[in-house]
Structure formats: C-alpha cells, structure tokens
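Below: one structure, written as structure tokens.
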Amino acid sequence: MAKKKVASRAAAQPAVKKKWSGHKTAAKSSARKTVTSKARGVAAVKPKPVKKVRPKQRIAISHHREEDFKADGLRAYAQYRDLGIAEASHGLAQAHVIRLIGPCNPAEVSKLHYHDVEFQMVYVLKGWVKTYMEGQGETLMKEGSAWTQPPRIKHLIMDYSDDVELLEVILPAEFKTVELAS
C-alpha cells in the first residue's frame, strides 16, 4: 500500500486555515471590547509652549556729548549717560556710561548690595575702580578691564580714581537693587 501524497503545500494550507479559522473566532470573548480613552488621546498630544513675541528692536545710535551725563541714576555720586538701548530693545537690555564723581567717599560708596538682573557686564573706559564681589574678593579694575557679575551677586565699590568712567550693560533694562546691612 502506498501512501497518498498531497499534491502541493499550497493545496494543503486552505484545509489548515479552515480547520483553525473557526477556532480563532470562538476563542475571542465577546465581553472584551477595545476601549479608547479620550483622555489618552489628549494627553498624547503635548501643547507647544507659547513663545513670547518680542517687539522688533530698532537701531540705537549714541554719540558722546557732555550734556548727556545726568545725575539722575541709581547712585548720587555718579552721572549716567544713557545709550538708548533700553528704548530700542523695548526693555530687553540697558546700557549706559557711568562717571563716578571723585574723590571717592567710602562711607557713601562702599555699601554691600546686589541687583536682581539676568546679566550684568562692566567695562572700564577710563581710570580705575576697586571692587569687592562675593566669592571673588577685592579686585582692581583698570582702563580696559571688564567683568561680569552673576545675577544677585553681593558686591560693592571700595575706591575709584577721580576720572573713572564705566560702560555697563544690564538685562533686563528695569531691575531692583537691594542694599544689604553691612
């Protein structure tokens, strides 16, 4: 007796499919339903952060004029020449030339304080200034010297030459200065 051979593998497969196709349907429970949560769909899409649109900045040009130095700034012993940056940048930054009026009076000048700013940079245009900064100590800055002061760093001016002029750049233009007890 010879065994009957199946003609092809493809011919044998439909029989297998039929045999198991009914079985698969019966195995599924009708009690199980796919539930889609609306909350999941919403949570999956993260809203984009709202980007604050700054007004367009404009060009600011400032030429040296003696009459532009005003005694209307933060310190009574200083004159300030506004460079027009605050207005041109819509308050993003401020820049001015500071002329400290000599001779230096340490009782008036040497008051520990900090500024609530995001950025502050000072460049010595003329003369010299001796400063104290928390974590840095005393430093003598001369013509051509520059430094940054991290936000809220405690500092003070200790002494300065009679002819000192400083360029200061601060972000933002409006900020608080807090004087500390010595």
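Here's how to read the names in the structure tokens: chain A, B, ... by the order shown, residue numbers from 1 in each chain, ligand numbers from 1 in the order shown.
Using only C-alpha atoms, the residues found no farther than 8 Å from His115 in chain A, other than those of its own chain fewer than 4 positions away, are Pro151, Arg152, Ile153, Phe175, Lys176, Thr177 and Val178 of chain A.
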Quick one: residues within 7 Å of range 72-80 of chain A, only C-alpha atoms, excluding same-chain residues fewer than 2 positions away - as a list in words?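 These residues fall inside the cut-off: Phe69, Lys70, Asp82, His96, Val97, Ile98, Arg99, Leu100 and Ile101 of chain A.
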Residues as selected, all heavy atoms, written as an mmCIF file, in the first residue's frame, can you do that?
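For reference, result.cif as written:
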```
data_model
loop_
_atom_site.group_PDB
_atom_site.id
_atom_site.type_symbol
_atom_site.label_atom_id
_atom_site.label_comp_id
_atom_site.auth_asym_id
_atom_site.auth_seq_id
_atom_site.Cartn_x
_atom_site.Cartn_y
_atom_site.Cartn_z
ATOM 1 N N PHE A 69 25.393 113.500 30.203
ATOM 2 C CA PHE A 69 25.659 112.909 31.517
ATOM 3 C C PHE A 69 24.717 113.549 32.533
ATOM 4 O O PHE A 69 24.710 114.775 32.704
ATOM 5 C CB PHE A 69 27.125 113.115 31.938
ATOM 6 C CG PHE A 69 28.072 112.171 31.252
ATOM 7 C CD1 PHE A 69 28.682 112.524 30.064
ATOM 8 C CD2 PHE A 69 28.342 110.918 31.800
ATOM 9 C CE1 PHE A 69 29.549 111.651 29.432
ATOM 10 C CE2 PHE A 69 29.208 110.042 31.170
ATOM 11 C CZ PHE A 69 29.810 110.407 29.985
ATOM 12 N N LYS A 70 23.900 112.725 33.189
ATOM 13 C CA LYS A 70 22.882 113.206 34.135
ATOM 14 C C LYS A 70 23.109 112.566 35.500
ATOM 15 O O LYS A 70 23.498 111.405 35.596
ATOM 16 C CB LYS A 70 21.467 112.836 33.656
ATOM 17 C CG LYS A 70 21.144 113.225 32.239
ATOM 18 C CD LYS A 70 20.859 114.690 32.110
ATOM 19 C CE LYS A 70 20.408 114.985 30.695
ATOM 20 N NZ LYS A 70 20.809 116.245 30.204
ATOM 21 N N ASP A 82 22.843 107.668 29.257
ATOM 22 C CA ASP A 82 22.040 106.604 28.662
ATOM 23 C C ASP A 82 22.400 106.459 27.184
ATOM 24 O O ASP A 82 22.524 107.463 26.468
ATOM 25 C CB ASP A 82 20.555 106.936 28.825
ATOM 26 C CG ASP A 82 19.654 105.869 28.250
ATOM 27 O OD1 ASP A 82 19.933 104.673 28.454
ATOM 28 O OD2 ASP A 82 18.666 106.227 27.572
ATOM 29 N N HIS A 96 24.677 102.021 29.619
ATOM 30 C CA HIS A 96 24.986 103.411 29.916
ATOM 31 C C HIS A 96 26.460 103.543 30.290
ATOM 32 O O HIS A 96 27.108 102.566 30.657
ATOM 33 C CB HIS A 96 24.091 103.987 31.020
ATOM 34 C CG HIS A 96 23.986 103.136 32.231
ATOM 35 N ND1 HIS A 96 22.794 102.717 32.749
ATOM 36 C CD2 HIS A 96 24.924 102.607 33.048
ATOM 37 C CE1 HIS A 96 22.997 101.989 33.827
ATOM 38 N NE2 HIS A 96 24.272 101.905 34.019
ATOM 39 N N VAL A 97 26.944 104.767 30.168
ATOM 40 C CA VAL A 97 28.282 105.094 30.627
ATOM 41 C C VAL A 97 28.087 105.722 31.997
ATOM 42 O O VAL A 97 27.253 106.616 32.170
ATOM 43 C CB VAL A 97 29.000 106.066 29.667
ATOM 44 C CG1 VAL A 97 30.362 106.473 30.234
ATOM 45 C CG2 VAL A 97 29.158 105.434 28.290
ATOM 46 N N ILE A 98 28.847 105.237 32.978
ATOM 47 C CA ILE A 98 28.769 105.759 34.345
ATOM 48 C C ILE A 98 30.068 106.502 34.641
ATOM 49 O O ILE A 98 31.165 105.959 34.463
ATOM 50 C CB ILE A 98 28.600 104.617 35.378
ATOM 51 C CG1 ILE A 98 27.380 103.757 35.048
ATOM 52 C CG2 ILE A 98 28.500 105.195 36.785
ATOM 53 C CD1 ILE A 98 27.296 102.490 35.889
ATOM 54 N N ARG A 99 29.927 107.730 35.087
ATOM 55 C CA ARG A 99 31.076 108.542 35.508
ATOM 56 C C ARG A 99 30.948 108.710 37.014
ATOM 57 O O ARG A 99 30.014 109.363 37.493
ATOM 58 C CB ARG A 99 31.014 109.887 34.802
ATOM 59 C CG ARG A 99 32.185 110.788 35.045
ATOM 60 C CD ARG A 99 32.020 112.106 34.322
ATOM 61 N NE ARG A 99 32.359 111.956 32.919
ATOM 62 C CZ ARG A 99 32.070 112.864 31.984
ATOM 63 N NH1 ARG A 99 31.421 113.971 32.296
ATOM 64 N NH2 ARG A 99 32.429 112.666 30.738
ATOM 65 N N LEU A 100 31.861 108.084 37.764
ATOM 66 C CA LEU A 100 31.837 108.218 39.220
ATOM 67 C C LEU A 100 32.519 109.534 39.591
ATOM 68 O O LEU A 100 33.604 109.842 39.100
ATOM 69 C CB LEU A 100 32.534 107.029 39.884
ATOM 70 C CG LEU A 100 31.928 105.651 39.562
ATOM 71 C CD1 LEU A 100 32.717 104.546 40.251
ATOM 72 C CD2 LEU A 100 30.471 105.592 39.950
ATOM 73 N N ILE A 101 31.867 110.320 40.437
ATOM 74 C CA ILE A 101 32.347 111.644 40.800
ATOM 75 C C ILE A 101 33.315 111.525 41.976
ATOM 76 O O ILE A 101 32.967 110.989 43.020
ATOM 77 C CB ILE A 101 31.167 112.575 41.184
ATOM 78 C CG1 ILE A 101 30.083 112.556 40.091
ATOM 79 C CG2 ILE A 101 31.656 113.986 41.477
ATOM 80 C CD1 ILE A 101 30.556 112.952 38.712
#
```
Pick out the residues sitting within 12 Å of Gly137 in chain A, and hand them over as a list of chain:residue names; count only C-alpha atoms, and ignore anything fewer than 2 positions along from it in its own chain. A:Lys130, A:Thr131, A:Tyr132, A:Met133, A:Glu134, A:Gly135, A:Thr139, A:Leu140, A:Ile153, A:Lys154, A:His155, A:Leu156, A:Ile157, A:Met158
What would the file look like if the residues just selected were written as a PDB file, in the first residue's frame with C-alpha atoms?
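Saved the output as out-v4.pdb:
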```pdb
ATOM      1  CA  LYS A 130      38.466  98.771  43.162  1.00  0.00           C
ATOM      2  CA  THR A 131      35.564  96.389  43.770  1.00  0.00           C
ATOM      3  CA  TYR A 132      34.574  93.611  46.117  1.00  0.00           C
ATOM      4  CA  MET A 133      32.452  90.725  44.801  1.00  0.00           C
ATOM      5  CA  GLU A 134      31.207  87.811  46.893  1.00  0.00           C
ATOM      6  CA  GLY A 135      33.322  84.750  46.116  1.00  0.00           C
ATOM      7  CA  THR A 139      39.772  93.295  42.555  1.00  0.00           C
ATOM      8  CA  LEU A 140      41.401  96.348  40.996  1.00  0.00           C
ATOM      9  CA  ILE A 153      25.882  88.559  43.481  1.00  0.00           C
ATOM     10  CA  LYS A 154      26.688  90.697  46.522  1.00  0.00           C
ATOM     11  CA  HIS A 155      29.208  93.404  45.684  1.00  0.00           C
ATOM     12  CA  LEU A 156      30.379  96.934  46.416  1.00  0.00           C
ATOM     13  CA  ILE A 157      32.738  99.625  45.177  1.00  0.00           C
ATOM     14  CA  MET A 158      35.659 100.193  47.547  1.00  0.00           C
TER      15      MET A 158
END
```
For a test of reading the model, state the distance in Å between CA of Asp162 in chain A and CA of Gly102 in chain A, rounded to one decimal. 4.3 Å
Could you name the residues that touch Leu180 in chain A at 9 Å or less, counting only C-alpha atoms, but leaving out those on the same chain fewer than 3 positions away, as a list in words? Lys111, Leu112, His113, Tyr114 and Lys154 of chain A
Looking only at helix (DSSP H, G or I) from DSSP on the backbone, list the matching residues of range 56-142 of chain A as number ranges by chain. A: 66-68, 85-88, 106-109
Let's have the selection written as a PDB file, in the first residue's frame, with N, CA, C and O atoms.
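File written: result-v1.pdb
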```
ATOM      1  N   GLU A  66      28.864 115.876  26.365  1.00  0.00           N
ATOM      2  CA  GLU A  66      28.975 116.126  27.812  1.00  0.00           C
ATOM      3  C   GLU A  66      27.624 116.385  28.459  1.00  0.00           C
ATOM      4  O   GLU A  66      27.358 115.944  29.566  1.00  0.00           O
ATOM      5  N   GLU A  67      26.751 117.067  27.761  1.00  0.00           N
ATOM      6  CA  GLU A  67      25.444 117.412  28.334  1.00  0.00           C
ATOM      7  C   GLU A  67      24.532 116.193  28.529  1.00  0.00           C
ATOM      8  O   GLU A  67      23.494 116.287  29.190  1.00  0.00           O
ATOM      9  N   ASP A  68      24.903 115.035  27.973  1.00  0.00           N
ATOM     10  CA  ASP A  68      24.093 113.817  28.149  1.00  0.00           C
ATOM     11  C   ASP A  68      24.353 113.108  29.478  1.00  0.00           C
ATOM     12  O   ASP A  68      23.620 112.198  29.848  1.00  0.00           O
ATOM     13  N   ILE A  85      19.678 102.095  24.549  1.00  0.00           N
ATOM     14  CA  ILE A  85      19.470 100.657  24.319  1.00  0.00           C
ATOM     15  C   ILE A  85      18.143 100.176  24.898  1.00  0.00           C
ATOM     16  O   ILE A  85      17.458  99.361  24.298  1.00  0.00           O
ATOM     17  N   ALA A  86      17.777 100.666  26.072  1.00  0.00           N
ATOM     18  CA  ALA A  86      16.528 100.226  26.712  1.00  0.00           C
ATOM     19  C   ALA A  86      15.320 100.525  25.815  1.00  0.00           C
ATOM     20  O   ALA A  86      14.466  99.669  25.607  1.00  0.00           O
ATOM     21  N   GLU A  87      15.276 101.725  25.302  1.00  0.00           N
ATOM     22  CA  GLU A  87      14.157 102.103  24.433  1.00  0.00           C
ATOM     23  C   GLU A  87      14.182 101.322  23.116  1.00  0.00           C
ATOM     24  O   GLU A  87      13.164 100.805  22.672  1.00  0.00           O
ATOM     25  N   ALA A  88      15.354 101.193  22.517  1.00  0.00           N
ATOM     26  CA  ALA A  88      15.481 100.498  21.228  1.00  0.00           C
ATOM     27  C   ALA A  88      15.183  99.002  21.341  1.00  0.00           C
ATOM     28  O   ALA A  88      14.709  98.385  20.398  1.00  0.00           O
ATOM     29  N   PRO A 106      34.379 106.471  50.784  1.00  0.00           N
ATOM     30  CA  PRO A 106      33.994 105.095  51.110  1.00  0.00           C
ATOM     31  C   PRO A 106      32.744 104.986  51.992  1.00  0.00           C
ATOM     32  O   PRO A 106      31.973 104.038  51.846  1.00  0.00           O
ATOM     33  N   ALA A 107      32.507 105.952  52.864  1.00  0.00           N
ATOM     34  CA  ALA A 107      31.311 105.908  53.721  1.00  0.00           C
ATOM     35  C   ALA A 107      30.028 105.965  52.879  1.00  0.00           C
ATOM     36  O   ALA A 107      29.015 105.347  53.219  1.00  0.00           O
ATOM     37  N   GLU A 108      30.077 106.661  51.754  1.00  0.00           N
ATOM     38  CA  GLU A 108      28.910 106.782  50.867  1.00  0.00           C
ATOM     39  C   GLU A 108      28.870 105.657  49.828  1.00  0.00           C
ATOM     40  O   GLU A 108      27.808 105.145  49.490  1.00  0.00           O
ATOM     41  N   VAL A 109      30.031 105.275  49.349  1.00  0.00           N
ATOM     42  CA  VAL A 109      30.152 104.355  48.210  1.00  0.00           C
ATOM     43  C   VAL A 109      30.131 102.883  48.606  1.00  0.00           C
ATOM     44  O   VAL A 109      29.502 102.064  47.936  1.00  0.00           O
TER      45      VAL A 109
END
```
For the atom pair CA of Leu166 in chain A and CA of Val124 in chain A, what is the interatomic distance in Å to one decimal place? 4.6 Å
Which parts of range 63-136 of chain A does DSSP call strand (DSSP E or B) when run on the backbone here, written out as a PyMOL selection string? chain A and resi 70+78-82+94-100+113-116+119-126+128-133
With C-alpha atoms retained, write the just-selected residues as a PDB file, in the first residue's frame.
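Okay, result15.pdb is ready:
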```
ATOM      1  CA  LYS A  70      22.882 113.206  34.135  1.00  0.00           C
ATOM      2  CA  ALA A  78      27.549 109.098  39.766  1.00  0.00           C
ATOM      3  CA  GLN A  79      26.492 110.622  36.470  1.00  0.00           C
ATOM      4  CA  TYR A  80      24.907 108.426  33.818  1.00  0.00           C
ATOM      5  CA  ARG A  81      24.858 108.746  30.047  1.00  0.00           C
ATOM      6  CA  ASP A  82      22.040 106.604  28.662  1.00  0.00           C
ATOM      7  CA  GLN A  94      20.091  98.696  29.221  1.00  0.00           C
ATOM      8  CA  ALA A  95      23.480 100.243  28.525  1.00  0.00           C
ATOM      9  CA  HIS A  96      24.986 103.411  29.916  1.00  0.00           C
ATOM     10  CA  VAL A  97      28.282 105.094  30.627  1.00  0.00           C
ATOM     11  CA  ILE A  98      28.769 105.759  34.345  1.00  0.00           C
ATOM     12  CA  ARG A  99      31.076 108.542  35.508  1.00  0.00           C
ATOM     13  CA  LEU A 100      31.837 108.218  39.220  1.00  0.00           C
ATOM     14  CA  HIS A 113      24.206  95.358  47.601  1.00  0.00           C
ATOM     15  CA  TYR A 114      23.001  93.196  44.710  1.00  0.00           C
ATOM     16  CA  HIS A 115      20.965  93.709  41.559  1.00  0.00           C
ATOM     17  CA  ASP A 116      18.069  91.446  40.596  1.00  0.00           C
ATOM     18  CA  PHE A 119      23.042  89.657  33.141  1.00  0.00           C
ATOM     19  CA  GLN A 120      25.431  92.461  34.078  1.00  0.00           C
ATOM     20  CA  MET A 121      28.740  93.395  32.455  1.00  0.00           C
ATOM     21  CA  VAL A 122      31.025  96.332  33.254  1.00  0.00           C
ATOM     22  CA  TYR A 123      33.941  97.654  31.162  1.00  0.00           C
ATOM     23  CA  VAL A 124      36.376 100.313  32.423  1.00  0.00           C
ATOM     24  CA  LEU A 125      36.672 103.054  29.797  1.00  0.00           C
ATOM     25  CA  LYS A 126      38.921 105.410  31.824  1.00  0.00           C
ATOM     26  CA  TRP A 128      40.338 102.563  37.726  1.00  0.00           C
ATOM     27  CA  VAL A 129      37.882 101.134  40.235  1.00  0.00           C
ATOM     28  CA  LYS A 130      38.466  98.771  43.162  1.00  0.00           C
ATOM     29  CA  THR A 131      35.564  96.389  43.770  1.00  0.00           C
ATOM     30  CA  TYR A 132      34.574  93.611  46.117  1.00  0.00           C
ATOM     31  CA  MET A 133      32.452  90.725  44.801  1.00  0.00           C
TER      32      MET A 133
END
```
Minimum-distance residue to Ala60 in chain A, chosen among A:Ser89, A:Glu118, A:Ala173, A:Leu167 (using only C-alpha atoms):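 Checking each of A:Ser89, A:Glu118, A:Ala173, A:Leu167 against Ala60 in chain A, counting only C-alpha atoms, the winner is A:Ser89.
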Name the closest residue to Val169 in chain A among the candidates A:Cys104, A:Leu92, A:Lys48, A:Val53; distances are taken between atoms, counting only C-alpha atoms. A:Leu92
